[in-house]
>>> print(open('structure-v3.txt').read())   # compact mmCIF, C-alpha atoms and all ligand atoms
# COMPACT_ATOMS: atom_id res chain seq x y z
CA MET Z 25 54.88 -86.80 115.83
CA ASN Z 26 54.64 -83.97 118.30
CA ALA Z 27 52.03 -83.83 121.00
CA LYS Z 28 52.28 -80.06 121.10
CA PRO Z 29 52.55 -78.00 117.90
CA LEU Z 30 55.82 -76.10 117.56
CA LYS Z 31 55.92 -72.37 116.90
CA LEU Z 32 58.52 -72.01 114.17
CA LEU Z 33 60.04 -68.89 112.64
CA PHE Z 34 61.73 -69.56 109.27
CA ILE Z 35 64.16 -66.90 108.05
CA SER Z 36 64.80 -67.17 104.32
CA THR Z 37 67.94 -66.66 102.27
CA PRO Z 38 68.90 -62.99 101.75
CA VAL Z 39 70.26 -63.49 98.20
CA GLY Z 40 66.90 -63.21 96.46
CA SER Z 41 63.15 -62.92 96.89
CA LEU Z 42 61.30 -66.24 97.05
CA GLY Z 43 59.98 -67.27 93.65
CA THR Z 44 62.77 -65.68 91.60
CA GLY Z 45 65.11 -68.67 91.49
CA LEU Z 46 68.03 -66.60 92.81
CA GLY Z 47 68.03 -68.63 96.02
CA GLY Z 48 68.59 -71.87 94.08
CA GLY Z 49 67.59 -75.08 95.85
CA VAL Z 50 67.02 -73.25 99.14
CA GLU Z 51 63.74 -71.92 97.78
CA LEU Z 52 62.27 -75.35 97.09
CA SER Z 53 63.70 -76.79 100.31
CA LEU Z 54 62.16 -74.01 102.38
CA TYR Z 55 58.85 -74.36 100.57
CA ASN Z 56 58.70 -78.11 101.10
CA ILE Z 57 59.74 -78.05 104.75
CA ALA Z 58 57.22 -75.29 105.43
CA GLN Z 59 54.44 -77.14 103.62
CA GLU Z 60 55.11 -80.32 105.59
CA MET Z 61 55.40 -78.52 108.95
CA ASN Z 62 52.05 -76.83 108.28
CA ARG Z 63 50.50 -80.17 107.37
CA ARG Z 64 51.74 -81.61 110.65
CA GLY Z 65 49.96 -78.85 112.53
CA HIS Z 66 52.96 -76.74 113.54
CA LEU Z 67 52.55 -72.97 113.60
CA LEU Z 68 54.79 -71.32 111.11
CA GLN Z 69 55.85 -67.84 110.10
CA ILE Z 70 58.17 -67.28 107.12
CA VAL Z 71 60.29 -64.15 106.81
CA ALA Z 72 61.66 -63.36 103.34
CA PRO Z 73 62.97 -60.45 101.25
CA VAL Z 74 60.33 -58.13 99.83
CA GLY Z 75 59.19 -59.06 96.32
CA SER Z 76 58.67 -62.71 97.21
CA THR Z 77 55.87 -64.15 95.12
CA TRP Z 78 54.94 -67.34 96.93
CA ASN Z 79 51.34 -68.22 97.37
CA MET Z 80 51.82 -68.63 101.12
CA PRO Z 81 51.66 -66.09 104.00
CA LEU Z 82 55.02 -64.33 104.28
CA ILE Z 83 56.46 -61.48 106.31
CA GLN Z 84 58.19 -59.47 103.58
CA ILE Z 85 61.18 -57.44 104.71
CA PRO Z 86 62.74 -54.63 102.65
CA GLY Z 87 66.44 -54.08 102.13
CA ASN Z 88 69.34 -54.80 99.80
CA LEU Z 89 70.17 -58.36 98.85
CA GLN Z 90 73.31 -60.15 100.00
CA ILE Z 91 76.08 -61.00 97.50
CA ILE Z 92 76.11 -64.73 96.73
CA ALA Z 93 78.90 -66.69 98.43
CA GLN Z 94 79.79 -68.47 95.17
CA SER Z 95 81.00 -65.19 93.67
CA GLN Z 96 83.41 -64.51 96.55
CA GLN Z 97 86.97 -65.61 97.26
CA ARG Z 98 87.53 -67.96 100.17
CA THR Z 99 89.51 -65.41 102.19
CA ASP Z 100 87.23 -62.42 101.47
CA PRO Z 101 86.05 -60.51 104.53
CA VAL Z 102 82.38 -60.64 105.47
CA THR Z 103 80.50 -57.96 103.55
CA MET Z 104 77.13 -56.35 104.16
CA PRO Z 105 75.34 -53.94 101.83
CA GLU Z 106 73.89 -50.72 103.19
CA ASN Z 107 70.33 -51.35 104.50
CA SER Z 108 70.91 -55.09 104.38
CA VAL Z 109 67.84 -57.31 104.08
CA LEU Z 110 69.74 -59.98 106.00
CA ALA Z 111 70.25 -57.64 108.96
CA ASN Z 112 66.66 -56.39 108.67
CA MET Z 113 65.21 -59.91 108.72
CA TRP Z 114 67.25 -60.77 111.81
CA GLU Z 115 66.24 -57.53 113.51
CA TYR Z 116 62.63 -58.61 112.93
CA ALA Z 117 63.46 -62.04 114.39
CA ARG Z 118 64.98 -60.39 117.46
CA GLN Z 119 61.79 -58.44 118.05
CA VAL Z 120 59.39 -61.39 117.73
CA GLN Z 121 61.56 -64.20 119.14
CA ASN Z 122 59.51 -64.55 122.33
CA ASP Z 123 56.52 -65.73 120.28
CA PHE Z 124 58.43 -68.75 118.93
CA ASP Z 125 59.93 -72.03 120.16
CA LEU Z 126 62.57 -72.19 117.44
CA ILE Z 127 64.05 -70.02 114.68
CA VAL Z 128 65.28 -71.79 111.55
CA ASN Z 129 67.97 -70.04 109.55
CA PHE Z 130 68.16 -70.75 105.80
CA ALA Z 131 70.90 -68.19 105.04
CA TYR Z 132 74.42 -69.22 104.07
CA ASP Z 133 75.80 -66.13 105.78
CA TRP Z 134 78.01 -65.23 108.71
CA LEU Z 135 75.59 -62.93 110.51
CA PRO Z 136 72.91 -65.39 111.74
CA PHE Z 137 75.61 -67.70 113.11
CA TYR Z 138 77.32 -64.79 114.85
CA LEU Z 139 73.99 -63.63 116.34
CA THR Z 140 73.08 -67.07 117.75
CA PRO Z 141 74.35 -66.53 121.33
CA PHE Z 142 72.63 -63.13 121.47
CA PHE Z 143 69.18 -64.68 120.97
CA LYS Z 144 67.05 -66.17 123.75
CA CYS Z 145 65.14 -68.32 121.26
CA PRO Z 146 67.17 -71.33 120.01
CA ILE Z 147 68.27 -71.25 116.37
CA ALA Z 148 68.58 -74.21 113.97
CA HIS Z 149 70.86 -73.49 111.01
CA LEU Z 150 70.28 -75.38 107.76
CA VAL Z 151 73.47 -75.11 105.71
CA SER Z 152 72.69 -75.12 102.00
CA MET Z 153 76.16 -75.28 100.39
CA GLY Z 154 79.55 -76.84 101.00
CA SER Z 155 82.44 -74.87 102.50
CA LEU Z 156 83.22 -71.76 100.43
CA LEU Z 157 84.34 -69.01 102.82
CA ASP Z 158 86.87 -69.12 105.67
CA ALA Z 159 84.91 -66.65 107.81
CA LEU Z 160 81.80 -68.81 107.61
CA ASP Z 161 83.75 -72.02 108.36
CA GLN Z 162 85.17 -70.41 111.47
CA ILE Z 163 81.82 -69.22 112.83
CA LEU Z 164 80.25 -72.63 112.09
CA VAL Z 165 82.92 -74.31 114.21
CA GLN Z 166 82.22 -71.83 117.01
CA VAL Z 167 78.42 -72.29 116.92
CA SER Z 168 78.67 -76.09 116.70
CA LYS Z 169 80.86 -76.04 119.82
CA GLN Z 170 78.61 -73.74 121.81
CA PHE Z 171 75.30 -75.18 120.55
CA PRO Z 172 75.98 -78.78 119.49
CA GLY Z 173 73.47 -80.30 117.11
CA THR Z 174 72.01 -77.00 115.90
CA ILE Z 175 73.73 -77.10 112.49
CA GLY Z 176 72.05 -79.27 109.87
CA PHE Z 177 73.45 -80.39 106.52
CA HIS Z 178 71.83 -82.08 103.55
CA THR Z 179 74.49 -84.73 102.94
CA HIS Z 180 77.64 -86.22 104.42
CA GLN Z 181 79.66 -85.18 101.34
CA GLN Z 182 78.63 -81.59 102.00
CA ALA Z 183 79.40 -81.66 105.74
CA VAL Z 184 82.92 -83.04 105.29
CA THR Z 185 83.93 -79.98 103.27
CA PHE Z 186 83.80 -78.01 106.54
CA PRO Z 187 86.45 -78.10 109.25
CA GLU Z 188 85.81 -80.43 112.13
CA LEU Z 189 82.50 -79.59 113.78
CA THR Z 190 81.36 -80.67 117.22
CA PRO Z 191 78.94 -83.62 116.98
CA PRO Z 192 76.13 -84.46 116.65
CA ILE Z 193 76.02 -83.60 112.96
CA HIS Z 194 72.57 -83.87 111.39
CA TYR Z 195 72.17 -85.05 107.80
CA LEU Z 196 68.71 -84.04 106.70
CA SER Z 197 68.78 -84.93 103.01
CA ASN Z 198 65.79 -83.32 101.24
CA GLY Z 199 62.32 -84.22 100.04
CA ILE Z 200 59.68 -83.19 97.52
CA ASP Z 201 55.94 -83.32 97.00
CA LEU Z 202 55.93 -86.38 94.77
CA SER Z 203 52.35 -85.76 93.63
CA ILE Z 204 53.54 -82.78 91.54
CA TYR Z 205 56.00 -84.85 89.51
CA GLN Z 206 54.46 -87.10 86.89
CA PHE Z 207 56.07 -90.32 85.82
CA CYS Z 208 56.85 -90.80 82.14
CA ALA Z 209 57.75 -94.26 80.85
CA GLN Z 210 58.47 -93.31 77.23
CA PRO Z 211 60.82 -90.33 76.89
CA LYS Z 212 61.48 -88.19 73.83
CA GLN Z 213 64.91 -87.91 72.22
CA GLN Z 214 66.08 -85.15 74.56
CA LEU Z 215 68.29 -84.55 77.58
CA GLY Z 216 67.61 -82.17 80.46
CA TRP Z 217 69.83 -79.75 82.34
CA ILE Z 218 68.34 -77.80 85.26
CA GLY Z 219 69.92 -75.26 87.57
CA ARG Z 220 71.14 -71.74 88.12
CA ILE Z 221 73.26 -70.77 85.14
CA SER Z 222 76.46 -69.95 86.96
CA PRO Z 223 80.06 -71.25 86.53
CA GLU Z 224 79.96 -73.67 89.49
CA LYS Z 225 77.21 -75.61 87.69
CA GLY Z 226 79.38 -76.49 84.67
CA LEU Z 227 76.69 -76.10 82.01
CA GLU Z 228 79.33 -76.06 79.25
CA ASP Z 229 79.91 -79.79 79.81
CA ALA Z 230 76.24 -80.50 79.08
CA PHE Z 231 76.58 -78.45 75.86
CA ALA Z 232 79.58 -80.60 74.96
CA VAL Z 233 77.46 -83.74 75.42
CA ALA Z 234 74.64 -82.34 73.27
CA LYS Z 235 77.11 -81.39 70.55
CA SER Z 236 78.83 -84.76 70.61
CA THR Z 237 75.67 -86.92 70.72
CA GLY Z 238 73.38 -84.67 68.67
CA ILE Z 239 70.67 -85.11 71.31
CA SER Z 240 68.79 -81.90 72.04
CA LEU Z 241 69.44 -80.34 75.46
CA LYS Z 242 66.51 -78.70 77.27
CA ILE Z 243 67.88 -76.09 79.67
CA MET Z 244 65.81 -74.69 82.53
CA GLY Z 245 66.93 -72.24 85.21
CA LYS Z 246 67.73 -68.70 86.14
CA ILE Z 247 70.60 -67.05 84.26
CA GLN Z 248 72.60 -65.81 87.23
CA ASP Z 249 75.74 -64.99 85.23
CA GLU Z 250 74.85 -63.46 81.86
CA LEU Z 251 78.47 -63.33 80.56
CA TYR Z 252 79.01 -66.98 81.41
CA TRP Z 253 75.85 -67.91 79.48
CA GLN Z 254 76.86 -65.88 76.43
CA GLN Z 255 80.33 -67.40 76.46
CA ILE Z 256 78.91 -70.94 76.42
CA THR Z 257 76.54 -70.26 73.52
CA GLN Z 258 79.50 -68.77 71.58
CA ASP Z 259 81.86 -71.63 72.42
CA TYR Z 260 79.40 -74.31 71.30
CA PRO Z 261 77.97 -73.32 67.93
CA ASN Z 262 75.71 -75.79 66.12
CA THR Z 263 74.71 -77.46 69.35
CA PRO Z 264 71.11 -78.66 69.65
CA PHE Z 265 69.74 -76.85 72.70
CA GLU Z 266 66.68 -74.95 73.84
CA TYR Z 267 66.72 -72.49 76.73
CA LEU Z 268 63.29 -72.40 78.37
CA GLY Z 269 63.91 -69.88 81.18
CA PHE Z 270 63.19 -70.24 84.87
CA LEU Z 271 60.01 -72.29 85.09
CA SER Z 272 57.58 -73.11 87.88
CA THR Z 273 57.92 -76.62 89.30
CA ALA Z 274 54.75 -77.69 87.47
CA GLU Z 275 56.05 -76.44 84.10
CA MET Z 276 59.55 -77.69 84.70
CA GLN Z 277 58.49 -81.26 85.41
CA GLN Z 278 56.45 -81.35 82.20
CA ILE Z 279 59.63 -80.92 80.17
CA LEU Z 280 61.83 -82.92 82.52
CA ARG Z 281 59.68 -86.05 82.54
CA ASP Z 282 59.99 -86.37 78.76
CA CYS Z 283 63.81 -86.42 78.92
CA GLN Z 284 65.87 -89.56 78.45
CA GLY Z 285 68.12 -88.40 81.25
CA LEU Z 286 69.14 -85.40 83.30
CA LEU Z 287 72.73 -84.20 83.12
CA MET Z 288 74.31 -82.81 86.29
CA THR Z 289 77.69 -81.27 85.76
CA PRO Z 290 78.67 -79.49 88.98
CA ARG Z 291 82.22 -78.18 89.27
CA TRP Z 292 81.76 -77.73 93.01
CA VAL Z 293 80.64 -80.04 95.81
CA GLU Z 294 76.89 -79.83 95.37
CA ALA Z 295 75.39 -79.83 98.88
CA PHE Z 296 72.45 -81.91 97.74
CA GLY Z 297 71.10 -81.16 94.28
CA ASN Z 298 67.32 -80.91 94.45
CA VAL Z 299 67.08 -81.44 90.73
CA THR Z 300 68.44 -84.98 91.20
CA ILE Z 301 65.41 -86.10 93.19
CA GLU Z 302 62.98 -84.08 91.07
CA SER Z 303 64.27 -85.97 88.06
CA LEU Z 304 64.06 -89.39 89.73
CA ALA Z 305 60.49 -88.55 90.78
CA CYS Z 306 59.59 -88.25 87.07
CA GLY Z 307 61.31 -91.57 86.36
CA VAL Z 308 64.20 -89.78 84.65
CA PRO Z 309 67.66 -91.26 85.33
CA VAL Z 310 70.41 -88.83 86.34
CA ILE Z 311 73.94 -88.73 85.00
CA SER Z 312 76.25 -86.80 87.31
CA TYR Z 313 79.86 -86.36 88.21
CA ARG Z 314 80.77 -88.52 91.18
CA ARG Z 315 81.06 -85.68 93.68
CA GLY Z 316 78.87 -84.00 96.29
CA GLY Z 317 75.21 -84.71 97.00
CA PRO Z 318 74.33 -86.45 93.68
CA ALA Z 319 76.98 -89.10 94.46
CA GLU Z 320 74.99 -89.99 97.60
CA ILE Z 321 71.61 -89.92 95.85
CA ILE Z 322 72.24 -91.74 92.56
CA GLN Z 323 72.78 -95.50 92.58
CA ASP Z 324 75.26 -96.05 89.78
CA GLY Z 325 73.79 -98.28 87.09
CA LYS Z 326 70.38 -98.40 88.79
CA THR Z 327 68.94 -94.89 88.95
CA GLY Z 328 71.52 -93.24 86.71
CA PHE Z 329 75.27 -93.10 86.27
CA LEU Z 330 78.07 -91.55 88.29
CA VAL Z 331 80.99 -90.59 86.09
CA GLU Z 332 84.52 -89.39 86.75
CA PRO Z 333 84.37 -85.71 87.72
CA ASP Z 334 84.85 -83.31 84.79
CA SER Z 335 85.00 -86.10 82.20
CA VAL Z 336 82.82 -85.12 79.24
CA ALA Z 337 83.74 -88.45 77.61
CA GLY Z 338 82.32 -90.16 80.70
CA LEU Z 339 79.06 -88.20 80.37
CA VAL Z 340 78.77 -89.10 76.69
CA GLU Z 341 79.36 -92.78 77.38
CA ALA Z 342 76.75 -92.78 80.16
CA THR Z 343 74.26 -91.01 77.86
CA GLN Z 344 74.61 -93.86 75.39
CA ARG Z 345 73.76 -96.35 78.16
CA LEU Z 346 70.63 -94.57 79.45
CA ASN Z 347 68.31 -97.25 78.05
CA GLU Z 348 69.83 -99.71 80.56
CA ILE Z 349 68.08 -97.85 83.39
CA ASP Z 350 64.56 -98.85 84.46
CA ARG Z 351 62.58 -95.63 84.85
CA TYR Z 352 60.15 -97.26 87.30
CA THR Z 353 63.08 -97.97 89.64
CA CYS Z 354 63.96 -94.25 89.59
CA ARG Z 355 60.45 -93.22 90.60
CA ALA Z 356 60.26 -95.94 93.28
CA TRP Z 357 63.56 -94.76 94.81
CA ALA Z 358 62.28 -91.20 95.01
CA GLU Z 359 59.08 -92.42 96.66
CA THR Z 360 60.94 -94.41 99.29
CA GLU Z 361 63.64 -91.92 100.18
CA TYR Z 362 62.53 -88.42 99.28
CA SER Z 363 58.86 -88.00 100.13
CA LEU Z 364 57.62 -85.00 102.10
CA THR Z 365 56.67 -87.32 104.94
CA ALA Z 366 60.22 -88.65 105.20
CA LEU Z 367 61.54 -85.07 105.05
CA GLY Z 368 59.11 -83.89 107.73
CA SER Z 369 60.05 -86.68 110.12
CA ARG Z 370 63.77 -85.92 109.78
CA PHE Z 371 63.23 -82.22 110.44
CA GLU Z 372 60.78 -82.76 113.30
CA GLN Z 373 63.27 -85.03 115.01
CA TRP Z 374 66.06 -82.50 114.54
CA PHE Z 375 63.93 -79.67 115.94
CA GLU Z 376 62.90 -81.80 118.94
CA GLU Z 377 66.52 -82.65 119.69
CA ILE Z 378 67.48 -78.99 119.66
CA LEU Z 379 64.57 -78.06 121.91
CA ASN Z 380 65.49 -80.82 124.35
CA SER Z 381 69.15 -79.73 124.51
CA LYS Z 382 70.47 -77.94 127.54
CA PHE Z 383 72.91 -75.41 126.18
N1 LIG Z 401 64.32 -74.69 89.44
C1 LIG Z 401 63.04 -74.26 89.13
N2 LIG Z 401 62.76 -73.90 87.85
C2 LIG Z 401 63.69 -73.96 86.87
C3 LIG Z 401 64.99 -74.42 87.18
C4 LIG Z 401 65.27 -74.78 88.49
O1 LIG Z 401 62.16 -74.18 90.00
O2 LIG Z 401 63.37 -73.62 85.72
C5 LIG Z 401 64.63 -75.06 90.85
C6 LIG Z 401 64.70 -76.56 91.06
O3 LIG Z 401 63.43 -77.07 91.33
C7 LIG Z 401 65.63 -76.68 92.28
C8 LIG Z 401 66.47 -75.41 92.22
O4 LIG Z 401 65.91 -74.59 91.20
O5 LIG Z 401 64.89 -76.71 93.48
C9 LIG Z 401 67.92 -75.73 91.98
O6 LIG Z 401 68.38 -76.31 93.14
P1 LIG Z 401 69.62 -77.29 93.27
O7 LIG Z 401 69.62 -77.83 94.68
O8 LIG Z 401 69.60 -78.32 92.20
O9 LIG Z 401 70.90 -76.35 93.04
P2 LIG Z 401 71.35 -74.93 93.68
O10 LIG Z 401 70.80 -73.87 92.80
O11 LIG Z 401 70.82 -74.86 95.09
O12 LIG Z 401 72.84 -74.95 93.65
>>> encode(input="structure-v3.txt", output="structure tokens")
Amino acid sequence: MNAKPLKLLFISTPVGSLGTGLGGGVELSLYNIAQEMNRRGHLLQIVAPVGSTWNMPLIQIPGNLQIIAQSQQRTDPVTMPENSVLANMWEYARQVQNDFDLIVNFAYDWLPFYLTPFFKCPIAHLVSMGSLLDALDQILVQVSKQFPGTIGFHTHQQAVTFPELTPPIHYLSNGIDLSIYQFCAQPKQQLGWIGRISPEKGLEDAFAVAKSTGISLKIMGKIQDELYWQQITQDYPNTPFEYLGFLSTAEMQQILRDCQGLLMTPRWVEAFGNVTIESLACGVPVISYRRGGPAEIIQDGKTGFLVEPDSVAGLVEATQRLNEIDRYTCRAWAETEYSLTALGSRFEQWFEEILNSKF
């Protein structure tokens, strides 16, 4: 723990206002890290796009949202909308940087990396997705060389999707406020699926499981791609499912905890997968493809099942074996590995290392 409180400036993702779900897992990660840094006595300011609805002091910055990286081609040039909220947030950071010890960047965008050498205040970059864009890969390599140790990842599986970066590489995992997630020993006959509804999340495979097993699928999350959603509901008629919308964490865990299992069906390398640990915290085992963050979080046969990527048959088989998993073990694993305290210690150590570096 720090002797002296740190003055931290957190710059949010520019793809959506906080509280809308557009930012995906970044929103919960930012919220939890901020909460824990406040609890530890650090002085924090959060900068986010206007329209953010969090019950926490925020500097709200106007401007147009950034296009999500998942919808772009790998070789696409860097694009910026007119009156970009990303640029506006970083202009604000430039103006106030002298009041802070460290800026923390939560955007998966080229600009903050490019701006790093132009700032006097050191910048920590938390990368929230695997490699998707060549331009971003290239600037990450450059920043990691010039400012080693300033780029943080959630998991090893995520970091290895990027070209070789200069060490040290920080793996920060994630953490949640376990007191919000209630344990449930006796589930109902239902499965959960939670996430942004967007092609890289592979929701159609969870529909296929529901159709094949007849077990009702509870779906929670922001519909980011309306056509994709409509296509799935057309392709899987007579499938038992219920779409509940984008829920608050408190509402979401009420449904989640009653599920026999959570299905995770990512087509891409999930950087972490917050929903994995949220599920374990409720005592709900997770069935996921063996790729990306969930493959590092789930212990196969103990806290869920890891199945061959893109194998619906594998998901169905694992669903039939869910009663082999002890739900208390799931909760205990979340408590040991993914508490806010554990998260705070990892981040504090990372911040200290950056501040002690001589670039
Ligand atoms: N989420 C939520 N309400 C919902 C559905 C999802 O708050 O109804 C949150 C969930 O808690 C998680 C995030 O959305 O923090 C999804 O993050 P994840 O890391 O699983 O995937 P990402 O969207 O970042 O790819």
>>> closest_residue(input="structure-v3.txt", among="Z:Ala232, Z:Val39, Z:Val293, Z:Leu157", to="Met104 in chain Z", atoms="only C-alpha atoms")
Z:Val39
>>> closest_atom_pairs(input="structure-v3.txt", of="chain Z", to="ligand LIG 401 (chain Z)", cutoff="9 Å", atoms="all atoms listed in the file", output="CSV")
residue,atom,partner,partner_atom,distance
Z:Gly43,CA,Z:LIG401,O1,8.1
Z:Thr44,CA,Z:LIG401,O1,8.7
Z:Gly45,CA,Z:LIG401,O4,6.0
Z:Leu46,CA,Z:LIG401,O10,7.8
Z:Gly47,CA,Z:LIG401,O10,6.7
Z:Gly48,CA,Z:LIG401,O10,3.2
Z:Gly49,CA,Z:LIG401,O6,3.1
Z:Val50,CA,Z:LIG401,O11,5.8
Z:Glu51,CA,Z:LIG401,O5,6.5
Z:Leu52,CA,Z:LIG401,O5,4.7
Z:Ser53,CA,Z:LIG401,O5,6.9
Z:Ser152,CA,Z:LIG401,O11,7.2
Z:Met153,CA,Z:LIG401,O12,7.5
Z:Trp217,CA,Z:LIG401,C3,8.7
Z:Ile218,CA,Z:LIG401,C3,5.1
Z:Gly219,CA,Z:LIG401,C4,4.8
Z:Arg220,CA,Z:LIG401,O10,5.2
Z:Ile221,CA,Z:LIG401,O10,8.6
Z:Glu224,CA,Z:LIG401,O12,8.3
Z:Lys225,CA,Z:LIG401,O12,7.4
Z:Ile243,CA,Z:LIG401,O2,7.9
Z:Met244,CA,Z:LIG401,O2,4.2
Z:Gly245,CA,Z:LIG401,C3,3.5
Z:Lys246,CA,Z:LIG401,C3,6.4
Z:Leu268,CA,Z:LIG401,O2,7.5
Z:Gly269,CA,Z:LIG401,O2,5.9
Z:Phe270,CA,Z:LIG401,O2,3.5
Z:Leu271,CA,Z:LIG401,O2,3.7
Z:Ser272,CA,Z:LIG401,O1,5.2
Z:Thr273,CA,Z:LIG401,O1,4.9
Z:Ala274,CA,Z:LIG401,O1,8.6
Z:Glu275,CA,Z:LIG401,O2,8.0
Z:Met276,CA,Z:LIG401,O2,5.7
Z:Gln277,CA,Z:LIG401,O3,8.8
Z:Met288,CA,Z:LIG401,O8,8.8
Z:Pro290,CA,Z:LIG401,O12,8.7
Z:Glu294,CA,Z:LIG401,O12,6.6
Z:Ala295,CA,Z:LIG401,O7,7.4
Z:Phe296,CA,Z:LIG401,O7,5.8
Z:Gly297,CA,Z:LIG401,O7,3.7
Z:Asn298,CA,Z:LIG401,O7,3.9
Z:Val299,CA,Z:LIG401,O8,4.3
Z:Thr300,CA,Z:LIG401,O8,6.8
Z:Ile301,CA,Z:LIG401,O8,8.9
Z:Glu302,CA,Z:LIG401,O3,7.0
>>> residues_around(input="structure-v3.txt", residues="Asn62 in chain Z", least_positions_apart="2", cutoff="12 Å", atoms="only C-alpha atoms", output="MDAnalysis selection string")
chainID Z and resid 29:32 55:60 64:70 80:81 364:365 368 372
>>> atom_distance(input="structure-v3.txt", atom1="CA of His194 in chain Z", atom2="CA of Leu139 in chain Z")
20.9 Å
>>> atom_distance(input="structure-v3.txt", atom1="CA of Thr179 in chain Z", atom2="CA of Ser197 in chain Z")
5.7 Å
>>> closest_residue(input="structure-v3.txt", among="Z:Leu33, Z:Val102, Z:Ala319, Z:Ala356", to="Asn122 in chain Z", atoms="all atoms listed in the file")
Z:Leu33
